[in-house]
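**Student:** Input file: data-v5.cif. Contents: mmCIF, C-alpha atoms and all ligand atoms.
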```cif
data_data
#
loop_
_atom_site.group_PDB
_atom_site.id
_atom_site.type_symbol
_atom_site.label_atom_id
_atom_site.label_comp_id
_atom_site.auth_asym_id
_atom_site.auth_seq_id
_atom_site.Cartn_x
_atom_site.Cartn_y
_atom_site.Cartn_z
ATOM 1 C CA MET A 1030 65.529 137.605 39.655
ATOM 2 C CA THR A 1031 67.793 136.548 42.544
ATOM 3 C CA GLU A 1032 68.369 132.997 43.841
ATOM 4 C CA GLN A 1033 66.117 133.929 46.797
ATOM 5 C CA ASP A 1034 62.981 134.154 44.662
ATOM 6 C CA THR A 1035 63.616 131.499 42.033
ATOM 7 C CA ASP A 1036 61.083 128.676 41.693
ATOM 8 C CA TRP A 1037 62.393 125.132 41.909
ATOM 9 C CA ILE A 1038 61.221 121.647 42.720
ATOM 10 C CA GLY A 1039 62.566 119.094 45.187
ATOM 11 C CA LEU A 1040 61.790 115.426 44.581
ATOM 12 C CA MET A 1041 62.404 112.563 46.997
ATOM 13 C CA ILE A 1042 61.971 109.160 45.370
ATOM 14 C CA GLY A 1043 60.911 106.732 48.121
ATOM 15 C CA ASN A 1044 60.248 103.014 47.809
ATOM 16 C CA SER A 1045 56.449 103.494 47.654
ATOM 17 C CA ARG A 1046 55.966 106.966 46.222
ATOM 18 C CA LEU A 1047 57.425 110.164 44.796
ATOM 19 C CA HIS A 1048 57.425 113.075 47.251
ATOM 20 C CA TRP A 1049 57.350 116.481 45.531
ATOM 21 C CA GLY A 1050 57.989 119.895 47.043
ATOM 22 C CA TYR A 1051 57.564 123.193 45.215
ATOM 23 C CA PHE A 1052 59.770 126.009 46.482
ATOM 24 C CA CYS A 1053 60.372 129.703 45.962
ATOM 25 C CA GLY A 1054 63.914 130.304 47.196
ATOM 26 C CA GLN A 1055 64.083 128.586 50.606
ATOM 27 C CA THR A 1056 60.305 128.639 51.148
ATOM 28 C CA LEU A 1057 58.270 125.472 50.642
ATOM 29 C CA LEU A 1058 55.006 126.547 48.951
ATOM 30 C CA ALA A 1059 53.335 123.196 48.300
ATOM 31 C CA CYS A 1060 53.951 119.479 48.477
ATOM 32 C CA LEU A 1061 52.417 116.431 46.899
ATOM 33 C CA ASP A 1062 52.869 112.627 46.835
ATOM 34 C CA THR A 1063 52.361 110.636 43.609
ATOM 35 C CA PRO A 1064 52.897 107.024 42.523
ATOM 36 C CA HIS A 1065 56.193 105.980 40.939
ATOM 37 C CA LEU A 1066 56.732 106.643 37.234
ATOM 38 C CA ARG A 1067 56.024 103.592 35.067
ATOM 39 C CA GLU A 1068 57.942 104.809 32.025
ATOM 40 C CA PRO A 1069 60.593 107.422 31.251
ATOM 41 C CA LEU A 1070 59.582 110.946 32.137
ATOM 42 C CA SER A 1071 57.403 112.661 29.496
ATOM 43 C CA ASN A 1072 56.273 116.248 29.055
ATOM 44 C CA GLU A 1073 52.675 115.048 29.512
ATOM 45 C CA PHE A 1074 53.546 113.812 32.996
ATOM 46 C CA LEU A 1075 55.213 117.089 33.914
ATOM 47 C CA GLN A 1076 52.234 119.015 32.589
ATOM 48 C CA GLN A 1077 49.992 116.999 34.895
ATOM 49 C CA ILE A 1078 52.222 117.312 37.951
ATOM 50 C CA PHE A 1079 53.726 120.768 37.788
ATOM 51 C CA PRO A 1080 50.481 122.769 37.633
ATOM 52 C CA LYS A 1081 49.496 120.968 40.833
ATOM 53 C CA LEU A 1082 52.677 122.305 42.324
ATOM 54 C CA LEU A 1083 51.531 125.777 41.247
ATOM 55 C CA THR A 1084 53.886 126.207 38.310
ATOM 56 C CA ASN A 1085 53.693 125.429 34.638
ATOM 57 C CA LYS A 1086 57.378 125.695 33.937
ATOM 58 C CA CYS A 1087 58.377 122.242 32.789
ATOM 59 C CA ASN A 1088 62.086 122.959 32.806
ATOM 60 C CA CYS A 1089 62.438 124.503 36.240
ATOM 61 C CA ALA A 1090 65.349 123.362 38.411
ATOM 62 C CA LEU A 1091 64.786 119.975 39.979
ATOM 63 C CA MET A 1092 66.764 118.649 42.968
ATOM 64 C CA VAL A 1093 66.317 114.878 43.120
ATOM 65 C CA ALA A 1094 67.228 112.386 45.823
ATOM 66 C CA SER A 1095 66.371 108.728 45.437
ATOM 67 C CA VAL A 1096 66.586 105.438 47.312
ATOM 68 C CA VAL A 1097 65.240 103.625 44.214
ATOM 69 C CA PRO A 1098 67.845 103.411 41.410
ATOM 70 C CA ASN A 1099 65.480 102.343 38.599
ATOM 71 C CA GLN A 1100 63.113 105.255 39.321
ATOM 72 C CA ARG A 1101 66.008 107.664 39.221
ATOM 73 C CA GLU A 1102 67.029 106.398 35.777
ATOM 74 C CA LEU A 1103 63.633 107.420 34.351
ATOM 75 C CA TRP A 1104 64.695 111.048 34.870
ATOM 76 C CA ALA A 1105 67.777 110.766 32.654
ATOM 77 C CA ASN A 1106 66.328 113.065 29.936
ATOM 78 C CA TYR A 1107 65.390 115.968 32.197
ATOM 79 C CA GLY A 1108 67.886 118.764 31.535
ATOM 80 C CA ASN A 1109 67.719 120.971 34.611
ATOM 81 C CA LEU A 1110 68.267 118.272 37.237
ATOM 82 C CA ARG A 1111 70.622 118.024 40.139
ATOM 83 C CA ARG A 1112 71.044 114.781 42.002
ATOM 84 C CA ILE A 1113 71.527 114.945 45.776
ATOM 85 C CA THR A 1114 73.961 112.410 47.213
ATOM 86 C CA LEU A 1115 75.421 111.798 50.669
ATOM 87 C CA LYS A 1116 78.371 114.065 49.766
ATOM 88 C CA ASP A 1117 75.965 117.028 49.799
ATOM 89 C CA ILE A 1118 74.777 116.365 53.340
ATOM 90 C CA PRO A 1119 76.452 118.498 56.047
ATOM 91 C CA LEU A 1120 76.293 115.802 58.718
ATOM 92 C CA LEU A 1121 79.230 113.847 60.123
ATOM 93 C CA ASP A 1122 79.921 110.106 60.353
ATOM 94 C CA LEU A 1123 77.448 109.019 57.652
ATOM 95 C CA TYR A 1124 78.295 105.520 56.395
ATOM 96 C CA PRO A 1125 78.515 104.855 52.625
ATOM 97 C CA THR A 1126 75.246 102.919 52.223
ATOM 98 C CA PHE A 1127 73.197 105.247 54.452
ATOM 99 C CA GLY A 1128 69.816 106.133 52.913
ATOM 100 C CA ILE A 1129 69.720 109.620 51.405
ATOM 101 C CA ASP A 1130 66.070 109.948 52.537
ATOM 102 C CA ARG A 1131 67.138 109.347 56.133
ATOM 103 C CA ALA A 1132 69.986 111.835 55.806
ATOM 104 C CA LEU A 1133 67.737 114.557 54.341
ATOM 105 C CA ALA A 1134 64.943 113.968 56.863
ATOM 106 C CA VAL A 1135 67.218 114.192 59.899
ATOM 107 C CA LEU A 1136 69.061 117.192 58.420
ATOM 108 C CA GLY A 1137 65.722 118.930 57.827
ATOM 109 C CA ALA A 1138 64.386 118.038 61.277
ATOM 110 C CA GLY A 1139 67.585 119.230 62.957
ATOM 111 C CA GLU A 1140 67.511 122.482 60.986
ATOM 112 C CA LYS A 1141 63.909 123.105 62.001
ATOM 113 C CA TYR A 1142 63.799 121.808 65.579
ATOM 114 C CA GLY A 1143 67.467 121.767 66.569
ATOM 115 C CA PHE A 1144 70.129 119.091 67.145
ATOM 116 C CA PRO A 1145 70.277 116.532 68.732
ATOM 117 C CA CYS A 1146 67.346 115.078 66.902
ATOM 118 C CA LEU A 1147 65.682 111.685 66.421
ATOM 119 C CA VAL A 1148 63.611 111.055 63.283
ATOM 120 C CA ILE A 1149 61.186 108.159 63.005
ATOM 121 C CA ASP A 1150 60.197 107.753 59.344
ATOM 122 C CA ALA A 1151 57.131 105.539 58.932
ATOM 123 C CA GLY A 1152 57.425 104.889 55.208
ATOM 124 C CA THR A 1153 57.807 101.629 53.267
ATOM 125 C CA ALA A 1154 60.395 100.752 55.878
ATOM 126 C CA LEU A 1155 60.162 102.323 59.324
ATOM 127 C CA THR A 1156 63.482 103.871 60.242
ATOM 128 C CA PHE A 1157 64.971 105.479 63.341
ATOM 129 C CA THR A 1158 67.754 108.000 62.719
ATOM 130 C CA GLY A 1159 69.511 109.880 65.504
ATOM 131 C CA VAL A 1160 71.958 112.769 65.158
ATOM 132 C CA ASP A 1161 73.709 114.432 68.117
ATOM 133 C CA GLY A 1162 74.347 118.090 68.956
ATOM 134 C CA ASP A 1163 77.580 118.089 66.905
ATOM 135 C CA LYS A 1164 75.593 116.956 63.819
ATOM 136 C CA LYS A 1165 77.163 113.513 64.022
ATOM 137 C CA LEU A 1166 75.151 110.454 63.126
ATOM 138 C CA VAL A 1167 74.698 108.448 66.322
ATOM 139 C CA GLY A 1168 72.962 105.666 64.385
ATOM 140 C CA GLY A 1169 69.576 104.144 63.885
ATOM 141 C CA ALA A 1170 67.572 101.103 62.923
ATOM 142 C CA ILE A 1171 65.428 99.765 60.094
ATOM 143 C CA VAL A 1172 62.301 97.631 60.436
ATOM 144 C CA PRO A 1173 59.631 96.713 57.853
ATOM 145 C CA GLY A 1174 56.907 99.393 57.763
ATOM 146 C CA LEU A 1175 53.252 98.701 58.616
ATOM 147 C CA LYS A 1176 52.139 97.882 55.055
ATOM 148 C CA VAL A 1177 55.214 95.719 54.377
ATOM 149 C CA GLN A 1178 54.579 93.730 57.557
ATOM 150 C CA LEU A 1179 50.945 93.154 56.586
ATOM 151 C CA ALA A 1180 51.931 92.148 53.036
ATOM 152 C CA SER A 1181 54.694 89.792 54.148
ATOM 153 C CA LEU A 1182 52.344 87.778 56.399
ATOM 154 C CA ARG A 1183 49.857 87.439 53.560
ATOM 155 C CA GLU A 1184 52.530 86.512 51.013
ATOM 156 C CA ARG A 1185 54.541 84.076 53.148
ATOM 157 C CA THR A 1186 51.763 82.101 54.829
ATOM 158 C CA ALA A 1187 49.016 79.832 53.530
ATOM 159 C CA ALA A 1188 46.205 80.943 55.811
ATOM 160 C CA LEU A 1189 46.673 84.600 56.669
ATOM 161 C CA PRO A 1190 44.408 87.037 54.802
ATOM 162 C CA GLU A 1191 44.923 90.540 53.454
ATOM 163 C CA VAL A 1192 44.214 92.954 56.301
ATOM 164 C CA SER A 1193 43.794 96.745 56.285
ATOM 165 C CA LEU A 1194 45.044 99.147 58.928
ATOM 166 C CA PRO A 1195 42.371 100.357 61.374
ATOM 167 C CA GLU A 1196 41.927 104.035 62.238
ATOM 168 C CA ARG A 1197 41.935 103.306 65.970
ATOM 169 C CA LEU A 1198 44.023 101.010 68.140
ATOM 170 C CA PRO A 1199 42.800 97.414 67.842
ATOM 171 C CA GLN A 1200 42.189 95.149 70.823
ATOM 172 C CA MET A 1201 45.495 93.784 72.079
ATOM 173 C CA TRP A 1202 44.176 90.314 72.988
ATOM 174 C CA ALA A 1203 42.485 89.338 69.743
ATOM 175 C CA LYS A 1204 40.160 86.374 69.276
ATOM 176 C CA GLU A 1205 39.991 86.656 65.511
ATOM 177 C CA THR A 1206 42.709 86.305 62.819
ATOM 178 C CA ALA A 1207 42.546 89.742 61.194
ATOM 179 C CA GLU A 1208 42.404 91.470 64.580
ATOM 180 C CA GLY A 1209 45.342 89.309 65.757
ATOM 181 C CA ILE A 1210 47.452 90.487 62.808
ATOM 182 C CA ARG A 1211 46.500 94.118 63.407
ATOM 183 C CA SER A 1212 47.251 93.804 67.111
ATOM 184 C CA GLY A 1213 50.606 92.066 66.595
ATOM 185 C CA ILE A 1214 51.914 94.523 64.042
ATOM 186 C CA ILE A 1215 50.608 97.728 65.607
ATOM 187 C CA TYR A 1216 51.497 97.003 69.240
ATOM 188 C CA THR A 1217 54.984 95.708 68.424
ATOM 189 C CA ILE A 1218 55.674 98.775 66.243
ATOM 190 C CA LEU A 1219 54.434 101.045 69.065
ATOM 191 C CA ALA A 1220 56.554 99.138 71.599
ATOM 192 C CA GLY A 1221 59.575 99.557 69.301
ATOM 193 C CA ILE A 1222 58.939 103.275 68.941
ATOM 194 C CA GLU A 1223 58.640 103.589 72.718
ATOM 195 C CA LYS A 1224 61.870 101.629 73.293
ATOM 196 C CA PHE A 1225 63.930 103.652 70.790
ATOM 197 C CA SER A 1226 62.440 106.968 71.980
ATOM 198 C CA LEU A 1227 63.165 106.275 75.651
ATOM 199 C CA GLU A 1228 66.703 105.049 74.908
ATOM 200 C CA TRP A 1229 67.287 108.184 72.839
ATOM 201 C CA LEU A 1230 65.931 110.500 75.532
ATOM 202 C CA ASN A 1231 68.227 108.803 78.070
ATOM 203 C CA LEU A 1232 71.152 109.856 75.881
ATOM 204 C CA TYR A 1233 69.762 113.257 74.827
ATOM 205 C CA PRO A 1234 67.015 114.350 77.251
ATOM 206 C CA GLU A 1235 66.388 117.664 75.471
ATOM 207 C CA SER A 1236 66.099 116.175 71.979
ATOM 208 C CA GLY A 1237 63.013 116.489 69.797
ATOM 209 C CA ILE A 1238 61.533 113.291 68.341
ATOM 210 C CA ILE A 1239 59.993 113.868 64.928
ATOM 211 C CA LEU A 1240 57.684 111.372 63.263
ATOM 212 C CA THR A 1241 57.325 111.541 59.478
ATOM 213 C CA GLY A 1242 56.414 109.378 56.456
ATOM 214 C CA GLY A 1243 53.186 108.119 54.906
ATOM 215 C CA ASP A 1244 52.057 106.305 58.073
ATOM 216 C CA GLY A 1245 53.105 109.114 60.421
ATOM 217 C CA ASP A 1246 49.596 110.440 61.132
ATOM 218 C CA LEU A 1247 48.190 106.975 61.708
ATOM 219 C CA ILE A 1248 50.959 106.049 64.138
ATOM 220 C CA ARG A 1249 50.560 109.363 65.969
ATOM 221 C CA ASP A 1250 46.824 108.627 66.348
ATOM 222 C CA TYR A 1251 47.551 105.162 67.750
ATOM 223 C CA TRP A 1252 50.295 106.574 69.958
ATOM 224 C CA GLN A 1253 48.112 109.304 71.443
ATOM 225 C CA GLU A 1254 45.784 106.718 72.912
ATOM 226 C CA ASN A 1255 48.488 105.631 75.393
ATOM 227 C CA ALA A 1256 51.356 108.063 74.965
ATOM 228 C CA ILE A 1257 54.273 108.298 77.338
ATOM 229 C CA THR A 1258 56.485 110.723 75.438
ATOM 230 C CA SER A 1259 55.434 113.273 72.873
ATOM 231 C CA LEU A 1260 56.048 112.703 69.194
ATOM 232 C CA LEU A 1261 55.761 115.584 66.784
ATOM 233 C CA VAL A 1262 54.479 114.710 63.305
ATOM 234 C CA ASP A 1263 56.021 116.723 60.483
ATOM 235 C CA LYS A 1264 55.738 115.533 56.867
ATOM 236 C CA THR A 1265 57.839 118.416 55.532
ATOM 237 C CA ILE A 1266 61.235 117.703 57.130
ATOM 238 C CA ILE A 1267 62.495 115.937 53.992
ATOM 239 C CA PHE A 1268 61.841 119.169 52.044
ATOM 240 C CA GLN A 1269 63.526 121.247 54.727
ATOM 241 C CA GLY A 1270 66.564 118.985 54.212
ATOM 242 C CA ILE A 1271 66.460 119.383 50.425
ATOM 243 C CA ALA A 1272 66.152 123.179 50.806
ATOM 244 C CA ALA A 1273 69.196 123.206 53.094
ATOM 245 C CA VAL A 1274 71.251 121.332 50.470
ATOM 246 C CA LYS A 1275 69.996 123.669 47.737
ATOM 247 C CA GLY A 1276 70.866 126.683 49.890
ATOM 248 C CA ILE A 1277 74.427 125.432 50.373
ATOM 249 C CA SER A 1278 74.873 124.654 46.673
ATOM 250 C CA SER A 1279 73.579 128.103 45.632
ATOM 251 C CA GLY A 1280 75.807 129.822 48.177
ATOM 252 C CA LEU A 1281 72.756 131.209 50.044
ATOM 253 C CA ILE A 1282 73.601 129.234 53.155
ATOM 254 C CA ASP A 1283 77.076 128.840 54.563
ATOM 255 C CA LYS A 1284 77.688 125.145 55.243
ATOM 256 C CA GLY A 1285 79.883 125.846 58.246
ATOM 257 C CA GLU A 1286 77.833 128.471 60.039
ATOM 258 C CA HIS A 1287 74.195 127.752 59.438
ATOM 259 C CA ILE A 1288 73.906 124.022 58.916
HETATM 260 N N1 LIG A 1301 47.754 107.477 49.162
HETATM 261 C C1 LIG A 1301 48.658 106.603 49.628
HETATM 262 N N2 LIG A 1301 49.294 105.779 48.773
HETATM 263 C C2 LIG A 1301 50.228 104.904 49.217
HETATM 264 N N3 LIG A 1301 50.593 104.802 50.515
HETATM 265 C C3 LIG A 1301 49.991 105.603 51.408
HETATM 266 C C4 LIG A 1301 49.018 106.541 51.011
HETATM 267 N N4 LIG A 1301 48.623 107.216 52.119
HETATM 268 C C5 LIG A 1301 49.315 106.712 53.163
HETATM 269 N N5 LIG A 1301 50.131 105.728 52.737
HETATM 270 C C6 LIG A 1301 51.026 104.968 53.616
HETATM 271 O O1 LIG A 1301 52.325 105.417 53.342
HETATM 272 C C7 LIG A 1301 53.259 104.361 53.571
HETATM 273 C C8 LIG A 1301 54.447 104.612 52.693
HETATM 274 O O2 LIG A 1301 55.003 105.803 53.154
HETATM 275 P P1 LIG A 1301 55.772 106.812 52.226
HETATM 276 O O3 LIG A 1301 56.332 107.837 53.129
HETATM 277 O O4 LIG A 1301 54.925 107.242 51.094
HETATM 278 O O5 LIG A 1301 56.883 105.789 51.696
HETATM 279 P P2 LIG A 1301 58.240 105.984 50.900
HETATM 280 O O6 LIG A 1301 58.842 107.268 51.368
HETATM 281 O O7 LIG A 1301 58.989 104.773 51.296
HETATM 282 O O8 LIG A 1301 57.881 106.030 49.441
HETATM 283 C C9 LIG A 1301 52.515 103.076 53.270
HETATM 284 O O9 LIG A 1301 52.856 102.130 54.247
HETATM 285 C C10 LIG A 1301 51.049 103.467 53.373
HETATM 286 O O10 LIG A 1301 50.415 102.859 54.478
HETATM 287 C C1 LIG A 1302 65.845 102.153 54.795
HETATM 288 C C2 LIG A 1302 65.240 102.632 53.470
HETATM 289 C C3 LIG A 1302 64.866 101.420 52.624
HETATM 290 C C4 LIG A 1302 63.977 103.443 53.782
HETATM 291 O O1 LIG A 1302 63.347 103.768 52.567
HETATM 292 P P1 LIG A 1302 61.819 104.240 52.491
HETATM 293 O O2 LIG A 1302 61.016 103.325 53.335
HETATM 294 O O3 LIG A 1302 61.764 105.625 53.081
HETATM 295 O O4 LIG A 1302 61.442 104.240 51.056
HETATM 296 C C5 LIG A 1302 66.231 103.578 52.722
HETATM 297 O O5 LIG A 1302 66.594 104.624 53.547
HETATM 298 C C6 LIG A 1302 67.465 102.837 52.275
HETATM 299 O O6 LIG A 1302 67.475 102.179 51.255
HETATM 300 N N1 LIG A 1302 68.546 102.934 53.101
HETATM 301 C C7 LIG A 1302 69.808 102.307 52.838
HETATM 302 C C8 LIG A 1302 70.313 101.552 54.023
HETATM 303 C C9 LIG A 1302 70.584 102.385 55.275
HETATM 304 O O7 LIG A 1302 70.022 103.485 55.443
HETATM 305 O O8 LIG A 1302 71.393 101.935 56.098
HETATM 306 K K K A 1303 60.805 107.830 53.606
#
```
Could you quickly redo this structure as structure tokens?
Ligand SMILES: Nc1ncnc2c1ncn2[C@@H]1O[C@H](COP(=O)(O)OP(=O)(O)O)[C@@H](O)[C@H]1O
Ligand SMILES: CC(C)(COP(=O)(O)O)[C@@H](O)C(=O)NCCC(=O)O
Ligand SMILES: [K+]

**Tutor:**
Amino acid sequence: MTEQDTDWIGLMIGNSRLHWGYFCGQTLLACLDTPHLREPLSNEFLQQIFPKLLTNKCNCALMVASVVPNQRELWANYGNLRRITLKDIPLLDLYPTFGIDRALAVLGAGEKYGFPCLVIDAGTALTFTGVDGDKKLVGGAIVPGLKVQLASLRERTAALPEVSLPERLPQMWAKETAEGIRSGIIYTILAGIEKFSLEWLNLYPESGIILTGGDGDLIRDYWQENAITSLLVDKTIIFQGIAAVKGISSGLIDKGEHI
């Protein structure tokens, strides 16, 4: 069997969830999100997860990236594991504390859609990450994600209730508390996305803007109701980034020429 048709698993440990991708060579065959582990990894857990990813090989190669140190430690006993760090990322000007999830997502998006590239990741935090045509990090921004904003109002005030996210855009001028919270959070997030997207397109008019993360579909649905620029939703860019790193490390992809 060659490297091209070997099965392996990519795992991105985010602040809310684990994001799993099952690959054959460079091809992503399936992906899945699960909750965080609550205890060190067991064979029972792998036997539940891996069949869902279409394999029953509990010792297949695992490429792991994490922005959550204590979740990463729960994997200490897994033999066939390779940790992805910023050193593996073929992008320039990354700063030492830069999130590996942001690096992999923008690498994957650039590989798939071309550089320059702006990624908006609507996860636990909502992040903007821009990379130019020379694969240099231009920079980005970090804001609390939709669920974190909702939770922080509930937790840090006496009177504000728990509120869910609506499927459609709420009324902007609310006359009711829950609707006021929904309006404030959703419209200011949309205004922020518009501001960063327009500023980015001023710098790089031909760039793609890729929206990803657990709230990506919801934000796209809100956005489409009054869109001014197009946002492409792609939940797989993180796996494209992991595959690129795997390809470089296995010698399948030349870091200099293809990435
Ligand atoms: N089944 C789900 N479980 C948890 N969060 C979900 C789910 N479906 C959508 N979400 C949304 O995903 C967001 C988290 O995004 P995600 O990309 O999973 O985060 P992270 O990469 O930080 O772990 C939450 O704000 C939540 O609204
Ligand atoms: C900004 C983040 C918390 C986003 O994490 P996520 O919401 O995807 O779980 C993560 O990328 C991180 O911890 N970054 C380090 C700081 C930085 O990127 O500058
Ligand atoms: K993320």

**Student:** Please compute the atom C9 of ligand LIG 1301 (chain A)-atom CA of A:Phe1074 distance, one decimal, in Å.

**Tutor:**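 Pair atom C9 of ligand LIG 1301 (chain A) / atom CA of A:Phe1074 returns 23.0 Å.
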
**Student:** Hey, which residues sit close to ligand LIG 1301 (chain A)? Say within 9 Å, counting all atoms listed in the file, and write them as JSON, numbers by chain.

**Tutor:** {"A": [1041, 1042, 1043, 1044, 1045, 1046, 1047, 1048, 1062, 1063, 1064, 1065, 1096, 1130, 1150, 1151, 1152, 1153, 1154, 1155, 1174, 1175, 1176, 1177, 1194, 1241, 1242, 1243, 1244, 1245, 1246, 1247, 1264]}

**Student:** Could you expand the PyMOL selection byres (((chain A and resi 1116) around 12) and not hetatm) into the explicit residues it covers here, written as a PyMOL selection string?

**Tutor:** chain A and resi 1094+1112-1115+1117-1127+1129+1132-1133+1274+1278

**Student:** Keeping only C-alpha atoms, write the selected residues to a file as a PDB file, in the frame of the given file.

**Tutor:**
```
ATOM      1  CA  ALA A1094      67.228 112.386  45.823  1.00  0.00           C
ATOM      2  CA  ARG A1112      71.044 114.781  42.002  1.00  0.00           C
ATOM      3  CA  ILE A1113      71.527 114.945  45.776  1.00  0.00           C
ATOM      4  CA  THR A1114      73.961 112.410  47.213  1.00  0.00           C
ATOM      5  CA  LEU A1115      75.421 111.798  50.669  1.00  0.00           C
ATOM      6  CA  ASP A1117      75.965 117.028  49.799  1.00  0.00           C
ATOM      7  CA  ILE A1118      74.777 116.365  53.340  1.00  0.00           C
ATOM      8  CA  PRO A1119      76.452 118.498  56.047  1.00  0.00           C
ATOM      9  CA  LEU A1120      76.293 115.802  58.718  1.00  0.00           C
ATOM     10  CA  LEU A1121      79.230 113.847  60.123  1.00  0.00           C
ATOM     11  CA  ASP A1122      79.921 110.106  60.353  1.00  0.00           C
ATOM     12  CA  LEU A1123      77.448 109.019  57.652  1.00  0.00           C
ATOM     13  CA  TYR A1124      78.295 105.520  56.395  1.00  0.00           C
ATOM     14  CA  PRO A1125      78.515 104.855  52.625  1.00  0.00           C
ATOM     15  CA  THR A1126      75.246 102.919  52.223  1.00  0.00           C
ATOM     16  CA  PHE A1127      73.197 105.247  54.452  1.00  0.00           C
ATOM     17  CA  ILE A1129      69.720 109.620  51.405  1.00  0.00           C
ATOM     18  CA  ALA A1132      69.986 111.835  55.806  1.00  0.00           C
ATOM     19  CA  LEU A1133      67.737 114.557  54.341  1.00  0.00           C
ATOM     20  CA  VAL A1274      71.251 121.332  50.470  1.00  0.00           C
ATOM     21  CA  SER A1278      74.873 124.654  46.673  1.00  0.00           C
TER      22      SER A1278
END
```

**Student:** Point out the residue among A:Leu1040, A:Leu1189, A:Ile1267, A:Ala1207 with the least atom-to-atom distance to ligand K 1303 (chain A), counting all atoms listed in the file.

**Tutor:**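 Once distances to ligand K 1303 (chain A) are computed over all atoms listed in the file, the minimum belongs to A:Ile1267.
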
**Student:** Let me make sure I understand: among A:Ile1239, A:Leu1230, A:Ala1134, A:Ile1271, which one has the smallest atom-to-atom distance to ligand LIG 1302 (chain A) if we use only C-alpha atoms and all ligand atoms?

**Tutor:**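 Closest to ligand LIG 1302 (chain A) of all the choices is A:Ala1134.
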